[in-house]
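The structure appears below as structure tokens.
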Amino acid sequence: MFRTRASWSWGWGLLAAVALLWPDRISGPFDGVPLDGAVEAVLVGVVFPALWWFHPRFLTTRLARGCIMALLGWRALAATALVQDGWCVRLNPSAPYVKDGMGAPHSWDMRADWRSSDPACSAVMTRPYSQFNEFPAWFYNLPPPNENWPGATDRPPGATSGMTVSGYLRVGQTGVLQIVTGPDLAAALSIDGALVPREDRTRDGVTLTPGIHRIMVDAILTGDRWQFAPLWNGADLWSGSIATLKKPSGLDLAVRPWVRWVIALLVAVFGLAWLGSLLAEIRAFDTLAWTVCASSLIAALAETGNGDLMRWSVVGLLGAAFLPVPTRLRNMFGAFTLIGIPWLTLIVVFSAPHIGRFTLYEWGNDYWTFQRYAYRIFMQGYWLEGGSPTFWFQPFYRWIVGILHLVFGDSSVGESYWDGACVLVSALFSFRIAKVFAGFRWGLVAAVMTLAVFTLGTTWIFVGRGLSEISSAGLIYLAALFALRSRHGSRRAAFTAGVLVTLAFYTRLNNLPMAFAIAVFALPLAQPIRAASRPAAWLSHTSWRTAAAVVLTLCAGLLLFAWRTWHYTGVFSVFYGTQRESLALWQPGMSLGTLLGRVAGSVMTVLTMNDPARFDPHAIPILLGAIVSVLATAGIPLLRELPLGLVLFCLAALSGSLVARGSAYPGRFSIHVIAVTCTVVTCAVALVGRHYMKNAPSRPPSFARVQP
């Protein structure tokens, strides 16, 4: 019965995701992708996934199902019966902008004809463009692949591009239309086919009579001081008029004045009811008060722009370990409430300035390359090729980037949300392991330590930057959580763990040893490492279904990966065309002393979160976790009581640095070991503390009297 309810909740969750993300023909606060408004980006992009994951039971209620079906029905009706809100924006750069590009560039806007090789609209405009990075000009991240190509350095402020904006405007009474433009945007306005003088367009505006008017703007963009803001009677045109892509019908004119608010009300009822259900699930004043106060304080510090205070505020989440938490909340849900919500609040406030604005990446960096490949996959249709026949750069992250851009548009805020979620998954892994071994409060300590090391160390700069390491780590730790769940007999959880760990390997090939090591969570968490020498003590308690599902699924993924390489190159190999040869520590003709020195340098780069390696106090938990794992494996008394699976997993995470060495971006190659090493340290401290308390000499009560 429980599995049936869980399956139904996930099914309704998928329907809810479709209903919320489906691009609506009517623009409004919740009009689907792209999520380029602050409210919808946060509520649909962050709050909804969090509620779906941690409180899916609400989705099985009649209210939730009614709201979902009503929203789906409206989206389907609008897609078939109404014309698209907004004006068509088409950009025409003066130089080639992407390999194999034909016609106008695309923006990441699914409302435009994004699958066409020569789109009529690069984007659909439903809001004013107040500054350069609000324009649908993300394509400037796509320069040609070599410097000899004409226009290779043609990007703002040195670029020139044409832009046309076209659509219809219906006005109910006589009024004035103005087009406010920036100093680097020269535009010519035509209304109903007649050219409007520039002075009328910008200063006094153009008087329009009631009715439907055809609007056409031809513009030239130079420099980077861009602005394009249509006004109706001095106010934002998009909030008080009916502006559409095509000529509106009678039905369009009848429903547009009121239907957007009905949809907003429907989504609001759905969301508020879900939040109310979450509060009812918590129903503990101390827990709620802590969550609200901690989230508010972190948000306030993040809003001030003081990066040091903002990052150190994460350490303050340790206070949650001292709260009187009810027994029913001493679980993953409780950990999310106490720690996860404040953490997500930090990510949301920190990344808020990027909502609805694109990032202009520097050329030649890894994250710039991922962006180019994502465009080639989703906008040019190279779904299997992925941008290159072989994967010198990490493969799967480019697909992740493309999906995030489809959801959030040109903005890279989705990458910040995704990275924040992956770090939270790593912290919840730490909580899960430490809770089983040492108790709920130690689990919270392990989770906060993971977040604090990541936030205070050199790794913080990678949130939202567009690299693959955080994604791979998040997928690996999520696979570990599913592997632990599958020990109770769930085939679905075991298979999910295998799929997730395969995707984690695709995302970061260096993590292959760690990916295979997920199979160690088929062992009981309570099994100490001292039992490793006695197979009879743990073989009978191992979930072989979990181990087989993880290993076999990962092996199948390796075969598919090698098959794809053979398809494009004729070489059946997993690592052909990758950075294996350049990053491998051992090179032909190398002496043993040189090899050992390179290995030591590689390991210390990971353990210190710096390249070249140097002492960093923020990396102490990583260094201690590695040392404790080695000592526990060596059978040191007391430490050999640590969980066998955890220690083996930690050593597997570190083993990649014995074979290959990454370079550049200090801290990048330490991301995957933060959670597991912090968990080992927490469990070791709890073990030592428990041993000390057990063996501490007893003392007489303070009220005892000494007899004369």
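Following the order of the structure tokens, first chain is A, next is B, and so on, with residues numbered from 1 inside each chain and ligands from 1 in the order they appear.
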Q: Pick out the residues sitting within 9 Å of Gly223 of chain A, and hand them over as a ChimeraX atom specification; count only C-alpha atoms, and ignore anything fewer than 2 positions along from it in its own chain.
A: /A:155-160,183-185,221,225-226
Serialized selection, C-alpha atoms, as a short mmCIF file (atom, residue, chain, number, x, y, z; two decimals), in the first residue's frame:
```
data_model
loop_
_atom_site.label_atom_id
_atom_site.label_comp_id
_atom_site.auth_asym_id
_atom_site.auth_seq_id
_atom_site.Cartn_x
_atom_site.Cartn_y
_atom_site.Cartn_z
CA ARG A 155 30.90 40.34 -29.33
CA PRO A 156 29.65 43.32 -27.33
CA PRO A 157 30.74 46.04 -26.97
CA GLY A 158 32.56 45.58 -30.29
CA ALA A 159 29.77 43.70 -32.04
CA THR A 160 27.00 44.92 -34.29
CA PRO A 183 22.16 55.14 -26.42
CA ASP A 184 23.62 52.12 -28.29
CA LEU A 185 20.31 51.04 -29.82
CA LEU A 221 22.57 47.20 -31.69
CA ARG A 225 24.30 50.28 -23.50
CA TRP A 226 21.11 48.66 -24.64
#
```
(Q) Please extract the residues of segment 256-498 of chain A with a backbone DSSP assignment of helix (DSSP H, G or I) and present them as a PyMOL selection string. (A) chain A and resi 256-282+285-304+307-312+315-322+327-329+332-354+366-378+397-408+413-438+440-456+458-462+469-486+491-498
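When only C-alpha atoms are used to compute distances to Ser629 of chain A, the closest of the residues A:Arg62, A:Val83, A:Thr569, A:Thr677 turns out to be A:Thr677.
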**Q.** Spatial neighbours of Leu654 of chain A, 8 Å, only C-alpha atoms, chain gap at least 3 places, as a list in words
**A.**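 The contact residues come out as Val603, Ala626, Cys650, Leu651, Ser657, Leu658 and Val673 of chain A.
Of the residues under consideration (A:Phe391, A:Tyr361, A:Phe228, A:Tyr665), A:Phe228 shows the shortest atom-to-atom contact distance to Ala187 of chain A when counting only C-alpha atoms.
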(Q) For Thr455 of chain A, find every residue with an atom within 10 Å (counting only C-alpha atoms), except residues of its own chain fewer than 3 positions away, and show them as a PyMOL selection string. (A) chain A and resi 308+310-315+423+449-452+458-463+618
**Q.** Best match for closeness to Cys88 of chain A among A:Thr244, A:Ser107, A:Ser670, A:Thr209, counting only C-alpha atoms
**A.**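 Distance minimum relative to Cys88 of chain A lands on A:Thr244.
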(Q) Considering only C-alpha atoms, can you say which of A:Ala235, A:Leu266, A:Leu245, A:Leu91 comes closest to Gly175 of chain A? (A)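 Under the stated criterion, the closest residue is A:Ala235.
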Q | Non-local contacts of Asp192 of chain A (7 Å; only C-alpha atoms; under 4 positions in same chain excluded) as a PyMOL selection string | A | chain A and resi 213-215
For the selection you just gave me, I'd like the residues written to a file as a CSV table (one decimal), in the first residue's frame, keeping N, CA and C atoms.
```csv
chain,number,residue,atom,x,y,z
A,213,HIS,N,-3.4,47.3,-33.8
A,213,HIS,CA,-2.4,47.9,-34.6
A,213,HIS,C,-1.2,47.0,-34.8
A,214,ARG,N,-0.7,47.0,-36.0
A,214,ARG,CA,0.5,46.2,-36.3
A,214,ARG,C,1.8,47.0,-36.0
A,215,ILE,N,2.6,46.4,-35.1
A,215,ILE,CA,3.8,47.1,-34.7
A,215,ILE,C,5.1,46.5,-35.3
```
Near Ile191 of chain A, within 12 Å and counting only C-alpha atoms, which residues show up once chain neighbours fewer than 3 positions away are dropped, as a CSV table (one decimal) with C-alpha atoms, in the first residue's frame?
```
chain,number,residue,atom,x,y,z
A,165,VAL,CA,10.6,43.3,-33.1
A,166,SER,CA,7.1,42.7,-34.5
A,167,GLY,CA,3.6,42.0,-33.2
A,168,TYR,CA,0.2,43.4,-32.6
A,169,LEU,CA,-1.1,45.8,-30.0
A,177,LEU,CA,2.8,54.5,-27.3
A,178,GLN,CA,6.5,55.2,-26.6
A,188,ALA,CA,12.9,52.8,-36.5
A,194,ALA,CA,3.7,53.8,-41.7
A,195,LEU,CA,7.2,54.9,-40.4
A,196,VAL,CA,7.1,57.0,-37.3
A,197,PRO,CA,9.6,59.9,-36.9
A,201,ARG,CA,8.7,57.7,-30.9
A,206,VAL,CA,2.7,58.2,-30.8
A,207,THR,CA,-1.0,58.6,-30.3
A,208,LEU,CA,-3.0,55.4,-31.2
A,209,THR,CA,-6.7,55.2,-31.6
A,212,ILE,CA,-5.6,46.5,-33.2
A,213,HIS,CA,-2.4,47.9,-34.6
A,214,ARG,CA,0.5,46.2,-36.3
A,215,ILE,CA,3.8,47.1,-34.7
A,216,MET,CA,7.2,46.8,-36.4
A,217,VAL,CA,10.6,47.9,-35.1
A,218,ASP,CA,13.9,47.7,-37.0
```
(Q) Considering only strand (DSSP E) as DSSP defines it on the backbone, what residues of segment 229-345 of chain A qualify? List them as a list of chain:residue names. (A)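 Selection result, strand (DSSP E) within segment 229-345 of chain A: A:Ala229, A:Pro230, A:Leu231, A:Trp232, A:Ala235, A:Asp236, A:Ile242, A:Ala243, A:Thr244.
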Q.
Using only C-alpha atoms, which protein or nucleic acid residues come within 6 Å of Arg530 of chain A? Drop anything in the same chain fewer than 2 positions from it, and give the result as a ChimeraX atom specification.
A. /A:528,532,640
Those residues you just picked out, can you put them in a file as a tab-separated table (two decimals), in the first residue's frame with C-alpha atoms?
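Generated file (result38.tsv):
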```
chain	number	residue	atom	x	y	z
A	528	PRO	CA	32.41	-2.28	11.47
A	532	ALA	CA	36.22	-7.21	6.92
A	640	ARG	CA	38.31	-0.05	13.34
```
Q) From the list A:Val436, A:Ala584, A:Val606, A:Ala294, which residue is nearest Ile620 of chain A when using only C-alpha atoms? A)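 Comparing A:Val436, A:Ala584, A:Val606, A:Ala294 against Ile620 of chain A, the winner is A:Val606.
The smallest atom-to-atom distance between Gly570 of chain A and any of A:Thr390, A:Asn233, A:Ser655, A:Ser117, using only C-alpha atoms, is found for A:Thr390.
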Q: Quote the spacing between atom CA of Val407 of chain A and atom CA of Pro34 of chain A in Å to one decimal place.
A: 5.3 Å
